[in-house]
file structure06.cif (mmCIF, C-alpha atoms and all ligand atoms)
data_work
#
loop_
_atom_site.label_atom_id
_atom_site.label_comp_id
_atom_site.auth_asym_id
_atom_site.auth_seq_id
_atom_site.Cartn_x
_atom_site.Cartn_y
_atom_site.Cartn_z
CA MET A 57 -66.02 2.99 -19.36
CA PRO A 58 -69.52 3.68 -20.75
CA GLN A 59 -69.48 5.54 -24.07
CA SER A 60 -71.97 8.18 -25.05
CA ALA A 61 -73.11 8.59 -28.63
CA ASN A 62 -70.60 11.40 -29.17
CA THR A 63 -67.61 9.86 -27.47
CA ILE A 64 -64.43 9.26 -29.41
CA THR A 65 -63.10 5.88 -28.34
CA THR A 66 -59.34 5.54 -28.38
CA VAL A 67 -57.28 2.36 -28.38
CA SER A 68 -53.59 1.74 -27.90
CA HIS A 69 -51.79 0.14 -30.81
CA GLN A 70 -51.71 -3.25 -29.10
CA PRO A 71 -52.85 -6.14 -31.30
CA SER A 72 -56.04 -7.78 -30.03
CA ASP A 73 -54.24 -11.12 -30.05
CA SER A 74 -51.63 -10.68 -27.35
CA SER A 75 -49.71 -13.75 -28.54
CA ALA A 76 -48.40 -11.60 -31.41
CA GLN A 77 -46.71 -9.38 -28.85
CA GLU A 78 -45.34 -12.28 -26.88
CA ALA A 79 -43.51 -13.49 -30.00
CA ARG A 80 -40.62 -11.10 -29.21
CA PRO A 81 -39.66 -9.40 -25.97
CA ALA A 82 -40.81 -5.79 -25.90
CA ARG A 83 -37.46 -4.40 -24.75
CA LYS A 84 -36.12 -1.66 -27.04
CA VAL A 85 -33.49 -2.85 -29.52
CA THR A 86 -30.19 -1.06 -29.01
CA VAL A 87 -26.81 -1.35 -30.65
CA ALA A 88 -25.93 -3.83 -27.86
CA THR A 89 -28.96 -5.96 -28.81
CA LEU A 90 -27.79 -5.95 -32.42
CA ALA A 91 -24.28 -6.98 -31.41
CA ALA A 92 -25.74 -9.77 -29.27
CA LEU A 93 -27.86 -11.00 -32.18
CA ARG A 94 -24.75 -11.21 -34.33
CA ALA A 95 -22.78 -12.96 -31.57
CA ARG A 96 -25.52 -15.61 -31.38
CA GLY A 97 -25.51 -15.99 -35.16
CA GLU A 98 -29.08 -14.63 -35.40
CA ARG A 99 -30.05 -12.45 -38.34
CA ALA A 100 -31.65 -9.09 -37.73
CA VAL A 101 -34.90 -8.39 -39.55
CA PHE A 102 -34.73 -4.94 -41.11
CA VAL A 103 -37.40 -3.16 -43.20
CA THR A 104 -38.03 0.37 -44.36
CA ALA A 105 -40.88 2.37 -42.86
CA TYR A 106 -42.01 5.88 -43.58
CA ASP A 107 -45.24 6.19 -41.60
CA TYR A 108 -46.84 5.47 -38.26
CA PRO A 109 -49.04 2.48 -39.17
CA THR A 110 -46.24 0.64 -40.95
CA ALA A 111 -44.00 1.17 -37.92
CA VAL A 112 -46.70 -0.17 -35.62
CA PHE A 113 -47.32 -3.23 -37.82
CA ALA A 114 -43.58 -3.95 -38.11
CA ASP A 115 -43.19 -3.56 -34.35
CA ARG A 116 -46.07 -6.00 -33.76
CA ALA A 117 -44.43 -8.47 -36.13
CA GLY A 118 -41.18 -8.39 -34.15
CA VAL A 119 -39.10 -6.60 -36.79
CA ASP A 120 -35.76 -5.64 -35.21
CA MET A 121 -34.75 -2.59 -37.24
CA LEU A 122 -36.52 0.09 -39.27
CA LEU A 123 -34.93 2.33 -41.86
CA VAL A 124 -36.64 5.62 -42.57
CA GLY A 125 -35.07 5.49 -46.01
CA ASP A 126 -34.64 8.24 -48.55
CA SER A 127 -36.35 5.69 -50.81
CA ALA A 128 -39.38 7.55 -49.44
CA ALA A 129 -38.76 9.87 -52.39
CA MET A 130 -39.88 7.03 -54.66
CA THR A 131 -42.18 4.94 -52.47
CA MET A 132 -44.09 7.77 -50.79
CA LEU A 133 -43.61 10.86 -52.93
CA GLY A 134 -43.60 9.44 -56.46
CA HIS A 135 -40.19 10.75 -57.54
CA PRO A 136 -38.22 8.67 -60.06
CA ASN A 137 -35.14 8.46 -57.78
CA THR A 138 -34.06 9.13 -54.19
CA VAL A 139 -32.33 12.48 -54.53
CA ALA A 140 -35.42 14.69 -54.54
CA VAL A 141 -36.48 14.17 -50.92
CA THR A 142 -35.59 16.97 -48.49
CA MET A 143 -34.47 16.95 -44.89
CA ASP A 144 -37.78 18.50 -43.80
CA GLU A 145 -39.74 15.77 -45.57
CA MET A 146 -37.51 13.05 -44.10
CA LEU A 147 -38.09 14.40 -40.59
CA VAL A 148 -41.87 14.17 -41.03
CA PHE A 149 -41.48 10.50 -41.98
CA ALA A 150 -38.95 9.89 -39.16
CA ARG A 151 -41.16 11.37 -36.44
CA ALA A 152 -44.14 9.31 -37.57
CA VAL A 153 -42.09 6.10 -37.59
CA CYS A 154 -40.58 6.82 -34.18
CA ARG A 155 -44.04 7.36 -32.71
CA GLY A 156 -45.07 3.91 -33.90
CA ALA A 157 -41.88 1.93 -33.26
CA ARG A 158 -41.44 1.13 -29.61
CA ARG A 159 -39.13 -1.87 -29.85
CA PRO A 160 -37.31 -1.62 -33.21
CA PHE A 161 -34.00 0.17 -33.64
CA VAL A 162 -34.75 3.10 -35.98
CA VAL A 163 -32.24 4.41 -38.50
CA GLY A 164 -32.83 7.79 -40.17
CA ASP A 165 -31.45 8.09 -43.70
CA LEU A 166 -29.59 11.31 -44.41
CA PRO A 167 -30.89 12.59 -47.76
CA PHE A 168 -28.80 13.86 -50.67
CA LEU A 169 -26.78 16.99 -49.79
CA SER A 170 -27.72 16.88 -46.12
CA TYR A 171 -24.22 15.69 -45.12
CA GLN A 172 -21.92 16.11 -48.13
CA CYS A 173 -21.30 19.87 -47.89
CA SER A 174 -19.77 20.32 -44.44
CA ASP A 175 -19.16 18.62 -41.11
CA ARG A 176 -21.38 21.20 -39.48
CA GLU A 177 -24.37 20.43 -41.72
CA ALA A 178 -23.79 16.71 -41.32
CA VAL A 179 -23.86 16.95 -37.53
CA ARG A 180 -26.89 19.27 -37.50
CA ASN A 181 -28.92 17.09 -39.83
CA ALA A 182 -27.90 13.84 -38.16
CA GLY A 183 -28.78 15.44 -34.83
CA ALA A 184 -32.22 16.36 -36.16
CA PHE A 185 -32.93 12.67 -36.85
CA ILE A 186 -31.80 11.78 -33.32
CA ALA A 187 -34.00 14.56 -31.89
CA ALA A 188 -36.88 13.10 -33.93
CA GLY A 189 -36.42 9.83 -32.04
CA CYS A 190 -34.10 7.82 -34.32
CA ASP A 191 -31.39 5.64 -32.81
CA ALA A 192 -28.87 6.12 -35.61
CA VAL A 193 -28.40 7.71 -39.01
CA LYS A 194 -27.24 6.29 -42.33
CA CYS A 195 -25.23 7.99 -45.06
CA GLU A 196 -23.95 6.79 -48.41
CA GLY A 197 -20.30 6.44 -49.42
CA GLY A 198 -17.02 5.29 -47.92
CA GLU A 199 -13.69 7.12 -47.94
CA ARG A 200 -15.22 10.23 -49.47
CA VAL A 201 -17.60 10.71 -46.53
CA ALA A 202 -15.34 9.32 -43.78
CA ARG A 203 -14.60 12.81 -42.51
CA ARG A 204 -18.31 13.55 -42.10
CA VAL A 205 -18.84 10.21 -40.39
CA ARG A 206 -16.08 11.10 -37.92
CA ALA A 207 -17.75 14.46 -37.22
CA MET A 208 -21.10 12.77 -36.56
CA THR A 209 -19.68 10.00 -34.37
CA ASP A 210 -17.65 12.60 -32.45
CA ALA A 211 -20.97 14.32 -31.77
CA GLY A 212 -22.16 11.11 -30.14
CA ILE A 213 -24.30 9.88 -33.03
CA LEU A 214 -24.41 6.25 -34.20
CA VAL A 215 -23.66 6.11 -37.92
CA MET A 216 -24.39 3.33 -40.42
CA GLY A 217 -22.51 3.51 -43.72
CA HIS A 218 -24.04 2.46 -47.03
CA LEU A 219 -21.84 0.86 -49.69
CA GLY A 220 -22.26 -1.08 -52.92
CA LEU A 221 -25.06 0.41 -54.97
CA THR A 222 -25.52 3.89 -53.54
CA PRO A 223 -28.59 5.49 -55.17
CA GLN A 224 -27.62 9.08 -54.31
CA ASN A 225 -24.75 8.89 -56.84
CA MET A 226 -26.66 6.81 -59.36
CA ALA A 227 -25.49 9.05 -62.20
CA GLN A 228 -21.85 8.24 -61.40
CA LEU A 229 -22.64 4.53 -61.17
CA GLY A 230 -24.43 4.62 -64.51
CA GLY A 231 -27.78 3.30 -63.24
CA TRP A 232 -29.13 0.60 -60.93
CA LYS A 233 -26.04 -1.61 -61.28
CA VAL A 234 -24.82 -4.49 -59.12
CA GLN A 235 -21.52 -3.59 -57.42
CA GLY A 236 -18.52 -5.68 -56.32
CA LYS A 237 -18.73 -8.24 -59.14
CA THR A 238 -14.98 -8.92 -59.27
CA LEU A 239 -12.37 -9.37 -56.55
CA ALA A 240 -10.92 -5.95 -57.42
CA ALA A 241 -14.38 -4.36 -57.12
CA ALA A 242 -15.04 -6.17 -53.82
CA GLU A 243 -11.69 -4.87 -52.54
CA LEU A 244 -12.76 -1.32 -53.34
CA VAL A 245 -15.90 -1.82 -51.27
CA LEU A 246 -13.75 -3.29 -48.48
CA ARG A 247 -11.46 -0.25 -48.59
CA ASP A 248 -14.51 1.99 -48.12
CA ALA A 249 -15.81 -0.21 -45.30
CA VAL A 250 -12.48 0.03 -43.47
CA ALA A 251 -12.53 3.83 -43.89
CA LEU A 252 -15.98 3.92 -42.29
CA GLN A 253 -14.88 1.67 -39.46
CA ARG A 254 -11.89 3.96 -38.76
CA ALA A 255 -14.25 6.94 -38.78
CA GLY A 256 -16.30 5.36 -36.01
CA ALA A 257 -19.30 3.88 -37.88
CA PHE A 258 -20.97 1.05 -35.98
CA SER A 259 -22.36 -0.66 -39.05
CA ILE A 260 -22.54 -0.76 -42.82
CA LEU A 261 -25.31 -1.64 -45.22
CA LEU A 262 -24.30 -3.38 -48.45
CA GLU A 263 -26.69 -2.91 -51.36
CA ALA A 264 -26.88 -4.97 -54.57
CA MET A 265 -23.71 -7.02 -54.26
CA PRO A 266 -23.03 -10.68 -55.03
CA ALA A 267 -23.26 -12.86 -51.92
CA GLU A 268 -19.56 -13.87 -52.06
CA ALA A 269 -18.43 -10.25 -52.31
CA ALA A 270 -20.61 -9.23 -49.34
CA ALA A 271 -19.23 -12.14 -47.29
CA PHE A 272 -15.69 -11.12 -48.29
CA VAL A 273 -16.27 -7.63 -46.89
CA ARG A 274 -18.08 -8.79 -43.76
CA GLU A 275 -15.31 -11.19 -42.81
CA ARG A 276 -12.71 -8.41 -42.93
CA VAL A 277 -14.32 -5.67 -40.86
CA ASP A 278 -15.34 -5.30 -37.26
CA LEU A 279 -18.73 -3.75 -38.04
CA LEU A 280 -22.32 -4.96 -38.04
CA VAL A 281 -22.93 -5.68 -41.72
CA TYR A 282 -26.48 -5.62 -43.10
CA GLY A 283 -27.51 -6.33 -46.66
CA ILE A 284 -30.17 -5.48 -49.16
CA GLY A 285 -29.71 -7.65 -52.22
CA ALA A 286 -26.34 -8.79 -50.85
CA GLY A 287 -27.01 -12.46 -50.16
CA PRO A 288 -27.35 -14.40 -46.91
CA HIS A 289 -23.84 -14.04 -45.36
CA VAL A 290 -24.57 -10.81 -43.49
CA ASP A 291 -25.90 -9.89 -40.04
CA GLY A 292 -29.40 -8.99 -41.17
CA GLN A 293 -31.64 -8.50 -44.18
CA LEU A 294 -33.16 -5.18 -45.23
CA VAL A 295 -36.07 -4.93 -47.64
CA ILE A 296 -38.10 -1.97 -48.85
CA ALA A 297 -41.52 -2.35 -47.26
CA HIS A 298 -43.34 -1.38 -50.46
CA ASP A 299 -41.52 -4.10 -52.40
CA VAL A 300 -42.55 -6.89 -50.04
CA LEU A 301 -46.05 -5.55 -49.44
CA GLY A 302 -46.77 -4.99 -53.12
CA ASN A 303 -47.60 -1.30 -53.02
CA PHE A 304 -44.64 0.19 -54.84
CA VAL A 305 -45.93 2.28 -57.72
CA GLY A 306 -42.96 2.62 -60.04
CA ASP A 307 -40.73 0.92 -62.57
CA VAL A 308 -37.85 -0.42 -60.46
CA ARG A 309 -38.16 -4.20 -59.89
CA PRO A 310 -35.00 -5.45 -58.18
CA ARG A 311 -34.15 -9.16 -58.56
CA PHE A 312 -33.70 -9.60 -54.81
CA VAL A 313 -37.24 -8.66 -53.86
CA SER A 314 -39.68 -11.28 -52.68
CA ARG A 315 -43.33 -10.25 -52.50
CA TYR A 316 -45.29 -11.24 -49.37
CA ALA A 317 -48.55 -9.37 -49.97
CA ASP A 318 -50.60 -7.69 -52.71
CA VAL A 319 -51.51 -4.45 -51.01
CA ASP A 320 -51.95 -2.79 -54.42
CA ASP A 321 -54.80 -5.19 -55.28
CA VAL A 322 -56.29 -5.05 -51.78
CA VAL A 323 -56.41 -1.24 -51.78
CA THR A 324 -57.61 -0.91 -55.37
CA ASN A 325 -60.38 -3.47 -54.79
CA ALA A 326 -61.42 -1.78 -51.53
CA PHE A 327 -61.75 1.57 -53.34
CA LEU A 328 -63.68 -0.11 -56.18
CA SER A 329 -66.13 -1.61 -53.65
CA TYR A 330 -66.45 1.69 -51.81
CA ALA A 331 -67.06 3.58 -55.06
CA ALA A 332 -69.72 1.06 -56.08
CA ASP A 333 -71.43 1.32 -52.67
CA VAL A 334 -71.46 5.15 -52.76
CA ARG A 335 -72.73 5.28 -56.33
CA SER A 336 -75.45 2.71 -55.72
CA GLY A 337 -76.54 4.20 -52.37
CA ARG A 338 -75.48 1.11 -50.37
CA PHE A 339 -73.21 3.42 -48.32
CA PRO A 340 -73.91 4.99 -45.89
CA THR A 341 -76.56 2.96 -44.05
CA PRO A 342 -78.17 3.80 -40.69
CA GLU A 343 -75.38 1.97 -38.88
CA HIS A 344 -72.96 4.64 -40.17
CA CYS A 345 -75.17 7.53 -38.99
CA TYR A 346 -75.19 9.25 -35.61
CA PRO A 347 -78.26 8.23 -33.59
CA ILE A 348 -80.33 10.87 -31.78
CA GLU A 349 -83.35 10.75 -29.52
CA PRO A 350 -86.34 9.36 -31.48
CA ALA A 351 -88.40 12.40 -30.52
CA HIS A 352 -85.77 14.78 -31.93
CA GLU A 353 -85.44 12.66 -35.04
CA ALA A 354 -89.19 12.69 -35.59
CA GLU A 355 -89.31 16.45 -35.11
CA ILE A 356 -86.51 17.06 -37.64
CA ARG A 357 -88.06 14.64 -40.12
CA ALA A 358 -91.40 16.35 -39.80
CA ALA A 359 -89.73 19.71 -40.43
CA ARG A 360 -87.99 18.34 -43.50
CA VAL A 361 -91.17 16.86 -44.91
CA ALA A 362 -93.14 20.04 -44.17
CA GLY A 363 -90.36 22.30 -45.45
CA ALA A 364 -90.81 24.36 -42.27
CA PRO A 365 -88.31 27.19 -41.53
CA SER A 366 -85.92 26.51 -38.66
CA ALA A 367 -85.63 28.75 -35.60
CA CYS A 368 -82.29 30.18 -36.76
CA SER A 369 -83.41 31.02 -40.27
CA SER A 370 -85.37 33.97 -41.53
CA GLY A 371 -87.93 33.85 -44.25
CA SER A 372 -87.56 30.90 -46.56
CA ALA A 373 -83.74 30.63 -46.30
CA GLY A 374 -83.81 27.86 -43.69
CA SER A 375 -86.34 25.67 -45.44
CA ALA A 376 -85.14 22.19 -46.35
CA ALA A 377 -86.61 22.74 -49.81
CA SER A 378 -85.35 26.27 -50.39
CA PRO A 379 -82.76 27.09 -53.07
CA GLY A 380 -79.21 27.27 -51.70
CA SER A 381 -79.90 25.22 -48.57
CA PHE A 382 -78.37 21.80 -47.97
CA ALA A 383 -80.58 19.22 -49.67
CA PRO A 384 -80.19 15.60 -48.55
CA PRO A 385 -79.69 13.18 -51.42
CA ALA A 386 -82.53 10.88 -50.34
CA PRO A 387 -86.06 11.54 -49.07
CA ALA A 388 -86.83 10.95 -45.42
CA ASP A 389 -88.63 7.69 -46.16
CA ALA A 390 -85.62 6.32 -47.97
CA ILE A 391 -83.41 7.18 -44.98
CA ALA A 392 -85.74 5.33 -42.66
CA SER A 393 -85.80 2.20 -44.77
CA ALA A 394 -82.18 2.15 -45.93
CA GLY A 395 -81.13 -0.29 -43.20
CA ALA A 396 -83.06 -3.11 -44.82
CA ALA A 397 -81.13 -2.76 -48.08
CA GLY A 398 -78.02 -4.41 -46.68
CA HIS A 399 -74.53 -3.36 -47.39
CA GLY A 400 -71.88 -4.40 -49.91
CA ALA A 401 -68.26 -4.87 -48.91
CA SER A 402 -68.05 -2.03 -46.37
CA PRO A 403 -66.95 -3.13 -42.90
CA ALA A 404 -68.54 -1.90 -39.67
CA PRO A 405 -67.01 1.29 -38.25
CA THR A 406 -63.81 0.45 -36.39
CA VAL A 407 -62.95 1.18 -32.79
CA GLY A 408 -61.51 4.65 -32.58
CA ALA A 409 -64.11 6.16 -34.91
CA LEU A 410 -66.72 8.55 -33.57
CA GLN A 411 -69.23 6.07 -32.12
O1 LIG B 1 -33.54 4.59 -48.70
C1 LIG B 1 -33.49 3.38 -48.62
O2 LIG B 1 -34.50 2.67 -48.48
C2 LIG B 1 -32.19 2.77 -48.71
C3 LIG B 1 -32.15 1.33 -49.09
C4 LIG B 1 -32.43 1.16 -50.53
C5 LIG B 1 -30.85 0.74 -48.76
O3 LIG B 1 -31.21 3.42 -48.56
#
call {"tool": "encode", "arguments": {"input": "structure06.cif", "output": "structure tokens", "more": "lines below"}}
Ligand code: KIV
result
Amino acid sequence: MPQSANTITTVSHQPSDSSAQEARPARKVTVATLAALRARGERAVFVTAYDYPTAVFADRAGVDMLLVGDSAAMTMLGHPNTVAVTMDEMLVFARAVCRGARRPFVVGDLPFLSYQCSDREAVRNAGAFIAAGCDAVKCEGGERVARRVRAMTDAGILVMGHLGLTPQNMAQLGGWKVQGKTLAAAELVLRDAVALQRAGAFSILLEAMPAEAAAFVRERVDLLVYGIGAGPHVDGQLVIAHDVLGNFVGDVRPRFVSRYADVDDVVTNAFLSYAADVRSGRFPTPEHCYPIEPAHEAEIRAARVAGAPSACSSGSAGSAASPGSFAPPAPADAIASAGAAGHGASPAPTVGALQ
């Protein structure tokens, strides 16, 4: 379709290299897909996502599951722990992720006090995540939340439990502490897992547990068991996207995190280059400006140079040189010749920008 100078070009979120899409079938991941992965001994790939672009990128990469985690409190909102994020905030993140994730199975994380107080609140808030497009919800705790889990599953909602290190009751745990380090401690986690299974949960997530303890639990329940910092003997691995991408701004550095990118450096350096280009006048160049008919351009330039009043101004108020009017930062000649100056690190405008 031909584009005019003022057309906004839109693109779908398909990668330009279609082989990236072919890497995994595009069919939506369901709980049956996850069970089939486990039956085949294949590990599910599970990452957190809180926004549309991350969901799109994870989808393109063939990630199986996305958690809209309450870790958003720390990764996205700059809080020191997870308890500060609200249901309303979580739903904004969840809707954005669900818009971007076509194939992955999306789990919405019930924030602190969104399910603890009553069955009714638990069902309402879990239902809000499902209405936002999530496939399941996650809540923290075992026996003590089993009743809520039963209420949610009875309402037809898929529930994932979260055991081991449960950040919403960090104060009770005494900090970011590994859980299940003895057989007795692993048995306590197992007891909670069994309570969740009886309450109808389809899955549990084990956080910060020794690999043997996680395997001990997994082998004794009939649930899909995922892990974050719980070793390899589980049905899939969860990581916090910001930890692997290198854009977590905070003090927590878990042992189990492996970094796959340095987004912090990439973004900081991009802003440094942009700032240098703006300050030196290398940005914007003519290629970033909207073209108009040469005759119109010449007429406007002549008016600027002459300081002539425009048709819609009275007296001197519309003059390019008059006090209070918009004054361009560079003279007309400089604008005309700016294209020759070249351009620092700024890329060409991307598809989807006003062309
Ligand atoms: O919110 C989250 O990202 C989580 C993980 C830390 C397990 O619950």
call {"tool": "residues_near_ligand", "arguments": {"input": "structure06.cif", "ligand": "ligand LIG 1 (chain B)", "cutoff": "9 Å", "atoms": "all atoms listed in the file", "output": "ChimeraX atom specification"}}
result
/A:103-105,123-129,131,138,165-167,194-196,218,221-224,261-263,283-284,294-297
call {"tool": "write_last_selection", "arguments": {"input": "structure06.cif", "atoms": "C-alpha atoms", "output": "PDB file, in the frame of the given file"}}
result
ATOM      1  CA  VAL A 103     -37.400  -3.160 -43.200  1.00  0.00           C
ATOM      2  CA  THR A 104     -38.030   0.370 -44.360  1.00  0.00           C
ATOM      3  CA  ALA A 105     -40.880   2.370 -42.860  1.00  0.00           C
ATOM      4  CA  LEU A 123     -34.930   2.330 -41.860  1.00  0.00           C
ATOM      5  CA  VAL A 124     -36.640   5.620 -42.570  1.00  0.00           C
ATOM      6  CA  GLY A 125     -35.070   5.490 -46.010  1.00  0.00           C
ATOM      7  CA  ASP A 126     -34.640   8.240 -48.550  1.00  0.00           C
ATOM      8  CA  SER A 127     -36.350   5.690 -50.810  1.00  0.00           C
ATOM      9  CA  ALA A 128     -39.380   7.550 -49.440  1.00  0.00           C
ATOM     10  CA  ALA A 129     -38.760   9.870 -52.390  1.00  0.00           C
ATOM     11  CA  THR A 131     -42.180   4.940 -52.470  1.00  0.00           C
ATOM     12  CA  THR A 138     -34.060   9.130 -54.190  1.00  0.00           C
ATOM     13  CA  ASP A 165     -31.450   8.090 -43.700  1.00  0.00           C
ATOM     14  CA  LEU A 166     -29.590  11.310 -44.410  1.00  0.00           C
ATOM     15  CA  PRO A 167     -30.890  12.590 -47.760  1.00  0.00           C
ATOM     16  CA  LYS A 194     -27.240   6.290 -42.330  1.00  0.00           C
ATOM     17  CA  CYS A 195     -25.230   7.990 -45.060  1.00  0.00           C
ATOM     18  CA  GLU A 196     -23.950   6.790 -48.410  1.00  0.00           C
ATOM     19  CA  HIS A 218     -24.040   2.460 -47.030  1.00  0.00           C
ATOM     20  CA  LEU A 221     -25.060   0.410 -54.970  1.00  0.00           C
ATOM     21  CA  THR A 222     -25.520   3.890 -53.540  1.00  0.00           C
ATOM     22  CA  PRO A 223     -28.590   5.490 -55.170  1.00  0.00           C
ATOM     23  CA  GLN A 224     -27.620   9.080 -54.310  1.00  0.00           C
ATOM     24  CA  LEU A 261     -25.310  -1.640 -45.220  1.00  0.00           C
ATOM     25  CA  LEU A 262     -24.300  -3.380 -48.450  1.00  0.00           C
ATOM     26  CA  GLU A 263     -26.690  -2.910 -51.360  1.00  0.00           C
ATOM     27  CA  GLY A 283     -27.510  -6.330 -46.660  1.00  0.00           C
ATOM     28  CA  ILE A 284     -30.170  -5.480 -49.160  1.00  0.00           C
ATOM     29  CA  LEU A 294     -33.160  -5.180 -45.230  1.00  0.00           C
ATOM     30  CA  VAL A 295     -36.070  -4.930 -47.640  1.00  0.00           C
ATOM     31  CA  ILE A 296     -38.100  -1.970 -48.850  1.00  0.00           C
ATOM     32  CA  ALA A 297     -41.520  -2.350 -47.260  1.00  0.00           C
TER      33      ALA A 297
END
call {"tool": "atom_distance", "arguments": {"input": "structure06.cif", "atom1": "atom CA of Ile213 of chain A", "atom2": "atom CA of Asp299 of chain A"}}
result
29.4 Å
call {"tool": "closest_residue", "arguments": {"input": "structure06.cif", "among": "A:Asp210, A:Ala270, A:Gly292, A:Gly256", "to": "Leu239 of chain A", "atoms": "all atoms listed in the file"}}
result
A:Ala270
call {"tool": "closest_residue", "arguments": {"input": "structure06.cif", "among": "A:Arg247, A:Arg309, A:Arg254, A:Arg99", "to": "Arg276 of chain A", "atoms": "all atoms listed in the file"}}
result
A:Arg247
call {"tool": "atom_distance", "arguments": {"input": "structure06.cif", "atom1": "atom CA of Leu147 of chain A", "atom2": "atom CA of Val305 of chain A"}}
result
22.4 Å
call {"tool": "residues_around", "arguments": {"input": "structure06.cif", "residues": "Gly183 of chain A", "least_positions_apart": "5", "cutoff": "10 Å", "atoms": "only C-alpha atoms", "output": "JSON, numbers by chain"}}
result
{"A": [177, 178, 188, 189, 190, 192, 193, 208, 211, 212, 213]}
call {"tool": "atom_distance", "arguments": {"input": "structure06.cif", "atom1": "atom CA of Arg158 of chain A", "atom2": "atom CA of Asp278 of chain A"}}
result
27.9 Å
call {"tool": "decode", "arguments": {"input": "structure06.cif", "residues": "segment 258-270 of chain A", "atoms": "N, CA and C atoms", "output": "compact mmCIF listing (two decimals), in the first residue's frame"}}
result
# COMPACT_ATOMS: atom_id res chain seq x y z
N PHE A 258 -3.40 -27.12 40.07
CA PHE A 258 -2.88 -27.96 38.98
C PHE A 258 -1.35 -28.02 39.02
N SER A 259 -0.75 -27.15 39.82
CA SER A 259 0.70 -26.98 39.73
C SER A 259 1.22 -26.31 40.98
N ILE A 260 2.52 -26.49 41.23
CA ILE A 260 3.17 -25.67 42.26
C ILE A 260 4.48 -25.13 41.70
N LEU A 261 4.89 -24.02 42.26
CA LEU A 261 6.18 -23.42 41.96
C LEU A 261 7.01 -23.50 43.24
N LEU A 262 8.21 -24.05 43.13
CA LEU A 262 9.10 -24.13 44.30
C LEU A 262 10.19 -23.08 44.13
N GLU A 263 10.34 -22.24 45.13
CA GLU A 263 11.34 -21.17 45.04
C GLU A 263 12.44 -21.37 46.09
N ALA A 264 13.68 -21.21 45.64
CA ALA A 264 14.86 -21.22 46.52
C ALA A 264 14.90 -22.44 47.43
N MET A 265 15.00 -23.60 46.81
CA MET A 265 15.11 -24.86 47.57
C MET A 265 16.26 -25.67 47.00
N PRO A 266 16.95 -26.45 47.83
CA PRO A 266 17.99 -27.33 47.30
C PRO A 266 17.39 -28.31 46.28
N ALA A 267 18.19 -28.69 45.29
CA ALA A 267 17.69 -29.54 44.21
C ALA A 267 17.11 -30.85 44.74
N GLU A 268 17.78 -31.46 45.72
CA GLU A 268 17.31 -32.75 46.26
C GLU A 268 15.94 -32.59 46.91
N ALA A 269 15.77 -31.49 47.64
CA ALA A 269 14.50 -31.26 48.34
C ALA A 269 13.37 -31.04 47.34
N ALA A 270 13.67 -30.30 46.26
CA ALA A 270 12.64 -30.07 45.23
C ALA A 270 12.27 -31.38 44.55
